[in-house]
Every structure is written in structure tokens, then in C-alpha cells.
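Chemist: Data: structure34.cif, mmCIF, C-alpha atoms.
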data_model
loop_
_atom_site.label_atom_id
_atom_site.label_comp_id
_atom_site.auth_asym_id
_atom_site.auth_seq_id
_atom_site.Cartn_x
_atom_site.Cartn_y
_atom_site.Cartn_z
CA MET A 1 115.87 91.50 104.46
CA ASN A 2 113.60 92.22 101.51
CA ALA A 3 111.59 89.37 100.05
CA ARG A 4 113.49 88.94 96.79
CA PRO A 5 116.91 90.65 96.79
CA LEU A 6 119.10 89.18 94.07
CA VAL A 7 122.87 89.24 93.57
CA ILE A 8 124.30 88.56 90.09
CA VAL A 9 127.93 87.44 89.80
CA ILE A 10 129.62 87.77 86.40
CA LEU A 11 133.22 86.90 85.54
CA SER A 12 135.12 88.74 82.81
CA CYS A 13 138.61 88.52 81.34
CA ASN A 14 139.69 90.66 78.35
CA GLN A 15 136.23 90.86 76.78
CA THR A 16 135.15 94.44 77.39
CA GLU A 17 132.61 94.83 74.56
CA ILE A 18 131.03 91.44 75.21
CA THR A 19 130.78 92.24 78.92
CA LEU A 20 129.24 95.66 78.27
CA GLU A 21 126.57 94.06 76.09
CA CYS A 22 125.72 91.67 78.92
CA LEU A 23 125.54 94.48 81.48
CA ARG A 24 123.33 96.63 79.24
CA SER A 25 120.80 93.82 78.96
CA LEU A 26 120.77 93.31 82.74
CA GLU A 27 120.39 97.05 83.28
CA GLU A 28 117.25 96.96 81.14
CA CYS A 29 115.72 94.11 83.15
CA SER A 30 112.47 94.98 84.92
CA TYR A 31 113.66 93.28 88.12
CA THR A 32 114.64 96.16 90.42
CA ASP A 33 115.89 94.48 93.59
CA LYS A 34 119.22 93.39 92.11
CA GLN A 35 122.92 94.00 92.65
CA ILE A 36 125.41 93.15 89.90
CA ILE A 37 128.93 92.13 90.88
CA LEU A 38 131.45 92.00 88.03
CA VAL A 39 134.73 90.23 88.73
CA ASP A 40 137.55 91.40 86.46
CA ASN A 41 139.81 88.36 86.44
CA GLY A 42 143.17 89.88 85.54
CA SER A 43 142.12 91.68 82.35
CA ASP A 44 144.53 93.99 80.55
CA ASP A 45 141.89 95.77 78.43
CA ASP A 46 140.59 98.14 81.19
CA VAL A 47 137.18 96.52 81.50
CA GLU A 48 137.24 97.66 85.13
CA GLY A 49 137.54 101.36 84.26
CA VAL A 50 135.03 101.26 81.41
CA VAL A 51 132.39 99.51 83.51
CA ARG A 52 132.87 101.87 86.44
CA GLN A 53 132.34 104.81 84.08
CA ARG A 54 129.27 103.47 82.28
CA PHE A 55 127.51 101.46 85.01
CA ALA A 56 127.68 103.32 88.30
CA ASP A 57 125.53 100.74 90.13
CA VAL A 58 127.69 97.76 89.20
CA ILE A 59 130.21 96.66 91.81
CA VAL A 60 133.52 95.90 90.09
CA LEU A 61 136.07 93.67 91.81
CA ARG A 62 139.50 93.18 90.28
CA ASN A 63 141.88 90.28 90.65
CA PRO A 64 145.38 91.46 89.64
CA GLU A 65 145.87 88.26 87.65
CA ASN A 66 143.64 85.58 86.18
CA ILE A 67 143.16 83.15 89.06
CA GLY A 68 140.83 80.86 87.12
CA ALA A 69 137.08 80.53 86.72
CA ALA A 70 136.46 78.99 90.14
CA GLY A 71 138.76 81.39 91.97
CA GLY A 72 137.33 84.37 90.12
CA ARG A 73 133.74 83.50 90.91
CA ASN A 74 134.68 82.89 94.53
CA THR A 75 135.88 86.49 94.65
CA GLY A 76 132.32 87.57 93.83
CA ILE A 77 130.80 85.13 96.32
CA GLU A 78 133.03 86.31 99.16
CA TYR A 79 132.08 89.93 98.53
CA ALA A 80 128.37 89.12 98.30
CA VAL A 81 128.31 87.10 101.52
CA LYS A 82 130.11 89.83 103.45
CA ASN A 83 128.40 92.88 101.99
CA ALA A 84 125.07 92.05 100.36
CA ASP A 85 121.71 91.15 101.88
CA PHE A 86 120.39 88.65 99.33
CA ARG A 87 117.92 85.82 99.04
CA TYR A 88 118.96 84.62 95.58
CA ILE A 89 122.23 84.56 93.67
CA LEU A 90 122.65 84.21 89.91
CA PHE A 91 125.87 83.08 88.26
CA MET A 92 126.07 83.79 84.56
CA ASP A 93 128.71 84.01 81.86
CA ASN A 94 129.61 87.44 80.56
CA ASP A 95 128.75 86.46 76.97
CA ILE A 96 125.01 86.23 77.61
CA VAL A 97 122.40 88.82 76.69
CA VAL A 98 119.04 88.48 78.45
CA ALA A 99 115.45 89.53 77.77
CA PRO A 100 113.97 92.35 79.91
CA ASP A 101 111.85 89.92 81.94
CA PHE A 102 114.63 87.34 82.32
CA LEU A 103 115.32 87.87 86.02
CA SER A 104 111.69 88.17 87.12
CA ARG A 105 110.70 85.05 85.16
CA LEU A 106 113.53 83.04 86.70
CA VAL A 107 112.86 84.13 90.29
CA ASP A 108 109.08 83.86 89.88
CA GLY A 109 109.48 80.34 88.52
CA LEU A 110 111.56 79.21 91.47
CA GLU A 111 109.22 80.78 94.01
CA ALA A 112 106.17 79.23 92.35
CA CYS A 113 107.66 75.73 92.25
CA GLU A 114 105.41 73.27 94.08
CA ASN A 115 108.39 71.29 95.41
CA PRO A 116 109.85 73.38 98.27
CA ALA A 117 113.11 71.42 98.15
CA VAL A 118 113.92 72.78 94.69
CA GLU A 119 116.28 75.73 95.15
CA ILE A 120 118.15 75.90 91.81
CA ALA A 121 116.79 77.02 88.45
CA SER A 122 118.01 77.57 84.90
CA PRO A 123 116.72 79.54 81.87
CA LEU A 124 116.28 78.77 78.18
CA LEU A 125 119.35 79.91 76.24
CA TYR A 126 119.50 80.41 72.49
CA GLN A 127 122.64 80.66 70.38
CA MET A 128 123.45 84.30 69.77
CA GLY A 129 123.16 85.13 66.09
CA ARG A 130 120.96 82.07 65.53
CA GLU A 131 118.02 83.12 67.66
CA ASP A 132 115.85 80.13 66.74
CA THR A 133 118.54 77.61 67.65
CA ILE A 134 118.77 76.37 71.23
CA ASP A 135 122.03 76.53 73.13
CA SER A 136 120.75 74.93 76.34
CA ALA A 137 117.30 73.93 77.55
CA GLY A 138 117.88 73.45 81.25
CA GLY A 139 121.49 72.43 81.51
CA VAL A 140 123.86 69.53 80.94
CA GLU A 141 122.89 65.86 80.72
CA LEU A 142 125.62 63.70 82.23
CA ASN A 143 126.54 60.14 81.30
CA TYR A 144 128.95 58.77 83.89
CA PHE A 145 129.73 55.67 81.81
CA THR A 146 130.98 57.56 78.76
CA GLY A 147 132.06 60.86 80.33
CA SER A 148 129.51 62.70 78.23
CA SER A 149 128.21 66.14 79.23
CA GLN A 150 125.76 67.28 76.55
CA ARG A 151 123.67 70.43 76.77
CA ARG A 152 120.00 69.52 76.63
CA GLY A 153 118.41 70.63 73.36
CA HIS A 154 121.68 72.02 71.97
CA GLY A 155 121.50 72.77 68.25
CA LYS A 156 117.77 72.07 67.97
CA GLU A 157 115.16 74.46 66.66
CA ASN A 158 112.51 75.45 69.19
CA ASP A 159 109.22 74.28 67.71
CA GLY A 160 107.28 74.60 70.95
CA GLN A 161 108.70 71.61 72.80
CA TYR A 162 109.95 73.85 75.62
CA GLU A 163 107.01 75.90 76.84
CA LYS A 164 106.31 74.85 80.44
CA ASP A 165 108.41 74.80 83.58
CA GLU A 166 109.94 71.37 84.12
CA LEU A 167 111.73 69.54 86.91
CA LEU A 168 114.86 67.95 85.45
CA HIS A 169 117.92 66.06 86.57
CA CYS A 170 120.25 67.64 84.03
CA VAL A 171 122.65 70.08 85.72
CA PRO A 172 122.26 73.85 85.14
CA THR A 173 125.37 75.63 83.84
CA THR A 174 126.20 78.92 82.09
CA ALA A 175 123.35 80.75 83.86
CA VAL A 176 122.26 79.37 87.25
CA LEU A 177 119.91 80.87 89.82
CA MET A 178 120.06 79.48 93.34
CA HIS A 179 118.64 80.24 96.74
CA ARG A 180 121.15 81.42 99.31
CA ARG A 181 120.65 78.15 101.19
CA ALA A 182 121.95 76.26 98.15
CA LEU A 183 125.00 78.48 97.95
CA GLU A 184 125.71 77.88 101.62
CA ARG A 185 125.60 74.11 101.08
CA ALA A 186 128.28 74.35 98.39
CA GLY A 187 130.33 77.07 100.04
CA GLY A 188 131.73 78.18 96.69
CA TYR A 189 133.57 76.83 93.66
CA ASP A 190 136.33 74.22 93.93
CA VAL A 191 139.58 75.88 92.81
CA SER A 192 141.16 72.50 92.03
CA PHE A 193 139.27 72.78 88.72
CA ASP A 194 141.07 76.01 87.84
CA PRO A 195 141.79 77.50 85.44
CA PHE A 196 138.61 76.25 83.73
CA GLY A 197 136.34 73.29 83.17
CA TYR A 198 133.67 71.40 85.13
CA GLU A 199 133.92 73.77 88.10
CA ASP A 200 130.38 74.98 87.37
CA ILE A 201 128.82 71.50 87.21
CA ASP A 202 130.68 70.43 90.34
CA MET A 203 129.52 73.47 92.29
CA VAL A 204 125.85 73.05 91.34
CA LEU A 205 125.89 69.36 92.29
CA ARG A 206 127.34 70.22 95.71
CA ALA A 207 124.81 73.04 96.16
CA ASN A 208 121.83 70.82 95.45
CA SER A 209 120.22 68.48 97.96
CA GLU A 210 120.75 64.85 97.00
CA GLY A 211 118.04 63.51 94.68
CA VAL A 212 116.28 66.86 94.28
CA PRO A 213 115.64 67.93 90.65
CA PHE A 214 116.44 71.30 89.12
CA LEU A 215 113.84 73.70 87.75
CA PHE A 216 113.93 74.65 84.08
CA VAL A 217 112.13 77.96 83.35
CA PRO A 218 111.76 78.36 79.55
CA ALA A 219 110.02 81.74 79.89
CA ALA A 220 113.37 83.15 81.13
CA VAL A 221 115.17 83.68 77.83
CA GLY A 222 118.79 84.57 77.15
CA TYR A 223 121.16 84.49 74.18
CA HIS A 224 124.59 82.90 74.57
CA ARG A 225 127.59 83.83 72.44
CA GLY A 226 129.64 80.84 73.54
CA SER A 227 133.09 82.42 73.78
CA LYS A 228 135.94 80.83 75.75
CA THR A 229 136.91 83.39 78.39
CA GLY A 230 140.66 83.26 78.93
CA PHE A 231 141.30 81.08 75.87
CA SER A 232 141.38 81.81 72.13
CA GLY A 233 139.79 78.82 70.45
CA TYR A 234 140.51 75.11 70.90
CA THR A 235 144.17 75.54 71.79
CA ALA A 236 146.56 72.90 73.09
CA GLU A 237 146.31 74.32 76.61
CA TYR A 238 142.52 74.46 76.44
CA ALA A 239 142.44 70.79 75.39
CA ARG A 240 144.77 69.77 78.22
CA VAL A 241 142.76 71.61 80.87
CA LYS A 242 139.41 70.29 79.66
CA GLY A 243 140.70 66.72 79.46
CA GLN A 244 142.24 66.88 82.92
CA ASN A 245 139.18 68.37 84.60
CA MET A 246 136.76 66.10 82.78
CA ARG A 247 138.47 63.00 84.14
CA ARG A 248 138.82 64.51 87.62
CA PHE A 249 135.11 65.37 87.66
CA PHE A 250 133.88 61.95 86.56
CA LYS A 251 136.20 60.21 89.02
CA ARG A 252 134.66 62.29 91.81
CA TYR A 253 131.02 61.58 90.96
CA SER A 254 131.03 58.12 89.34
CA THR A 255 130.28 54.88 91.09
CA SER A 256 133.09 52.30 91.03
CA PHE A 257 131.39 50.45 88.19
CA GLN A 258 130.84 53.64 86.18
CA TRP A 259 134.48 54.64 86.68
CA VAL A 260 135.72 51.29 85.38
CA CYS A 261 133.48 51.58 82.31
CA PHE A 262 134.61 55.15 81.72
CA ASN A 263 138.29 54.16 81.74
CA LEU A 264 137.71 51.19 79.45
CA LEU A 265 135.93 53.46 76.96
CA LEU A 266 138.38 56.35 77.35
CA PRO A 267 140.56 55.52 74.31
CA PHE A 268 137.49 55.77 72.09
CA LEU A 269 135.74 58.76 73.67
CA GLY A 270 137.83 61.49 72.10
CA ILE A 271 138.34 59.89 68.70
CA ARG A 272 136.20 62.45 66.84
CA THR A 273 138.05 65.38 68.44
CA ILE A 274 141.41 63.73 67.79
CA LEU A 275 140.65 63.12 64.10
CA ARG A 276 139.36 66.67 63.68
CA GLU A 277 142.46 68.23 65.19
CA LEU A 278 144.83 65.93 63.30
CA ARG A 279 143.19 67.00 60.03
CA ARG A 280 143.91 70.57 61.06
CA GLY A 281 147.52 69.69 61.83
CA ASN A 282 147.07 70.39 65.56
CA VAL A 283 149.32 67.63 66.85
CA LYS A 284 150.01 69.57 70.08
CA VAL A 285 146.27 69.73 70.78
CA VAL A 286 145.98 65.95 70.55
CA ALA A 287 149.08 65.41 72.70
CA ASN A 288 147.88 67.81 75.38
CA LEU A 289 144.39 66.29 75.40
CA ALA A 290 145.98 62.92 76.15
CA LYS A 291 148.16 64.45 78.87
CA GLY A 292 145.14 66.07 80.48
CA LEU A 293 143.08 62.89 80.48
CA LEU A 294 145.93 60.91 82.00
CA SER A 295 146.70 63.46 84.73
CA GLY A 296 143.03 63.96 85.62
CA GLY A 297 142.73 60.49 87.10
CA LYS A 298 145.27 61.12 89.83
#
How does this structure look as C-alpha cells?
Modeler:
Amino acid sequence: MNARPLVIVILSCNQTEITLECLRSLEECSYTDKQIILVDNGSDDDVEGVVRQRFADVIVLRNPENIGAAGGRNTGIEYAVKNADFRYILFMDNDIVVAPDFLSRLVDGLEACENPAVEIASPLLYQMGREDTIDSAGGVELNYFTGSSQRRGHGKENDGQYEKDELLHCVPTTAVLMHRRALERAGGYDVSFDPFGYEDIDMVLRANSEGVPFLFVPAAVGYHRGSKTGFSGYTAEYARVKGQNMRRFFKRYSTSFQWVCFNLLLPFLGIRTILRELRRGNVKVVANLAKGLLSGGK
């Protein structure tokens, strides 16, 4: 095995142009010891054929139907474990464009970390089209009492506050680099979170050793579009799925006291979203959000 072979797993569904933009940026990365695996999760826009034609080195796997975010990513993991000789694996959304040194900065940062127990790292992501505005500076900060999962630094301007590598306890999402050992601890994504929502946070928490922080590498820069793969906006179904999986996730990871507090606060937690959608006349969205939250506690 080479010292630094890297596998990159990307999931796509009906977003050919967005996916091609992501692949072009990865192709231009200076990191040479990489293998990109694109999982076409039941697309009907021929992303599979277009990618095969334009990117001969990209391995394209196709699921005949959309089996969900967790199931789709597991397709890539299963192929990588059986067929690729890798030390690191990177999971990233297909709506991210990266800088040419993105991969090398991320891997270099993890290898240079003074704490040998740290095996998971995340980059600095900006909002695409607003290149001075941060999308995520290291991952998601979780509050188990309120069910909050806020991206660190989201919406802030970068005025130099994120310049050095940091060890954090917020959970990397959207773009996550991990050592193969970390992947083996998790085993893959939990398909009970399908079709979408919290499967990424859950997987990273299971991959990490208990109490060990995550590495944030701000020199590894990407730009995130923030599209909802498989959904078109904040639909009723999207609201139901997110509500259901949010409650399932926090039930799994909360202490008994935190879970009680979460349920007591639950009627108030979504009030801003509910008011926003009611003003838009989206009564079905509000109803489905309530259904999801209620079913997620089972």
C-alpha cells in the first residue's frame, strides 16, 4: 500500500451540471494518489453516461433507483473496501467545488496532527456565489437539550478568525476526511436515516473514538452550493423526513436528562419554521413536520 492513497466518494441524483463542476475541480487538484467514486443514486438525467465520457478515471456506480443518502454512500463504501487500496477516504457532497490544493491540505493537516488519536478532519467551506461568507468552519455544533445542529461560523464573514488548524468537538459534515481505521469503526452509514437527514452526523460520531476531537483544517478551502439532492426546496416531504430523523438522532445520542428537556422544548423548537411556512401558505409542510417529529421518537 502506498503511503497516502485516497478514495473520494460522491453521491449524485439528477444534478449533472453541478456534479460535473465538482468533478472538474477535483480533477484539477494537485493530489495525485486519488480515486474518485461517483454513485449515481437513481438519476434519470444520464449523469452516469456523461461522467463516463468526460472523466475516464472516475469510477461510476449506478443504483437503479434512489435508495437514499445513507444507502447510496454505502454503495461507494462497499466498492472501495472490496476494490481499492486506500489509507484515507473522503465523503463530500456533489455541490462542492474545491481549490487545487484542497486534498493535499486536508491530508497533510491530518498527518501532521500532534494527537495520533485524531483520524477525522474537515475543511473550511464558503457559500458558493458569496465567496467571503462562511458556510461551515469545521462542522456542526450540537445542542442535545434543544435539538440544535448549527454549522460553525455559518453566515459569518471571514476576517481572519479561522487561520490555524484547530481541534474541535463540532461534528464534520458535508466534506469529511477520515482514516480507514475510522471508517472501519463505523462500518458505513445507517440506512434507517434514509432517505436523508442526520445520517452523516451519525456516521461520523460512530467512526470517531469516544472523546477524541476532530481536526479543522482552514487551509483546505471549498465552496458549497447548498442544494438539496433528491428534493426541490423545503417541501412537505423534506420537512417530514428532516423532522423524523432529527428526533431519531437526538434520541439515540442524548442522555436521559437531555432527552426529557428536548421533548419538553419540542413544541417551541420549530416555531420560526412553522410561522415562516404558514405565511407562505404551506400548511402541508407544517403538518408533515409535526408528523415527522412525532414518528421520530419511536
Chemist: What does the distance from atom CA of Val171 of chain A to atom CA of Ser256 of chain A come to in Å, to one decimal?
Modeler: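 We find that atom CA of Val171 of chain A and atom CA of Ser256 of chain A lie 21.3 Å from each other.
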Chemist: Check which residues of segment 37-103 of chain A sit at most 8 Å from segment 5-29 of chain A using all atoms listed in the file, and return one row each with the closest pair of atoms and their distance in Å to one decimal, ordered by chain and rising number, as CSV.
Modeler:
residue,atom,partner,partner_atom,distance
A:Ile37,CA,A:Val9,CA,4.9
A:Leu38,CA,A:Ile10,CA,4.9
A:Val39,CA,A:Leu11,CA,4.9
A:Asp40,CA,A:Ser12,CA,5.1
A:Asn41,CA,A:Cys13,CA,5.2
A:Gly42,CA,A:Cys13,CA,6.3
A:Ser43,CA,A:Asn14,CA,4.8
A:Asp44,CA,A:Asn14,CA,6.3
A:Asp45,CA,A:Asn14,CA,5.6
A:Asp46,CA,A:Thr16,CA,7.6
A:Val47,CA,A:Thr16,CA,5.0
A:Val50,CA,A:Thr16,CA,7.9
A:Val51,CA,A:Leu20,CA,7.2
A:Asn66,CA,A:Cys13,CA,7.6
A:Ala69,CA,A:Leu11,CA,7.5
A:Gly72,CA,A:Leu11,CA,6.7
A:Arg73,CA,A:Leu11,CA,6.4
A:Gly76,CA,A:Val9,CA,6.0
A:Ile77,CA,A:Val9,CA,7.5
A:Ala80,CA,A:Val7,CA,7.3
A:Ala84,CA,A:Val7,CA,7.7
A:Asp85,CA,A:Pro5,CA,7.0
A:Phe86,CA,A:Pro5,CA,4.7
A:Arg87,CA,A:Pro5,CA,5.4
A:Tyr88,CA,A:Leu6,CA,4.8
A:Ile89,CA,A:Val7,CA,4.7
A:Leu90,CA,A:Ile8,CA,4.7
A:Phe91,CA,A:Val9,CA,5.1
A:Met92,CA,A:Ile10,CA,5.6
A:Asp93,CA,A:Ile10,CA,6.0
A:Asn94,CA,A:Thr19,CA,5.2
A:Asp95,CA,A:Ile18,CA,5.8
A:Ile96,CA,A:Cys22,CA,5.6
A:Val97,CA,A:Cys22,CA,4.9
A:Val98,CA,A:Ser25,CA,5.6
A:Ala99,CA,A:Ser25,CA,7.0
A:Pro100,CA,A:Cys29,CA,4.1
A:Asp101,CA,A:Cys29,CA,5.8
A:Phe102,CA,A:Cys29,CA,6.9
A:Leu103,CA,A:Cys29,CA,6.9
Chemist: Could you please determine the separation between atom CA of Val191 of chain A and atom CA of Lys82 of chain A in Å, to one decimal place?
Modeler: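 Atom CA of Lys82 of chain A lies 19.9 Å from atom CA of Val191 of chain A.
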Chemist: Which residue, A:Arg52, A:Arg206, A:His154, A:Arg280, has the smallest gap to Val140 of chain A when you use only C-alpha atoms?
Modeler: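 So, comparing all the options, the nearest one is A:His154.
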Chemist: Which one of A:Ile134, A:Ala220, A:Ala175, A:Leu61 sits closest to Tyr79 of chain A if you count all atoms listed in the file?
Modeler: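 Going through A:Ile134, A:Ala220, A:Ala175, A:Leu61 one by one, the smallest distance to Tyr79 of chain A is for A:Leu61.
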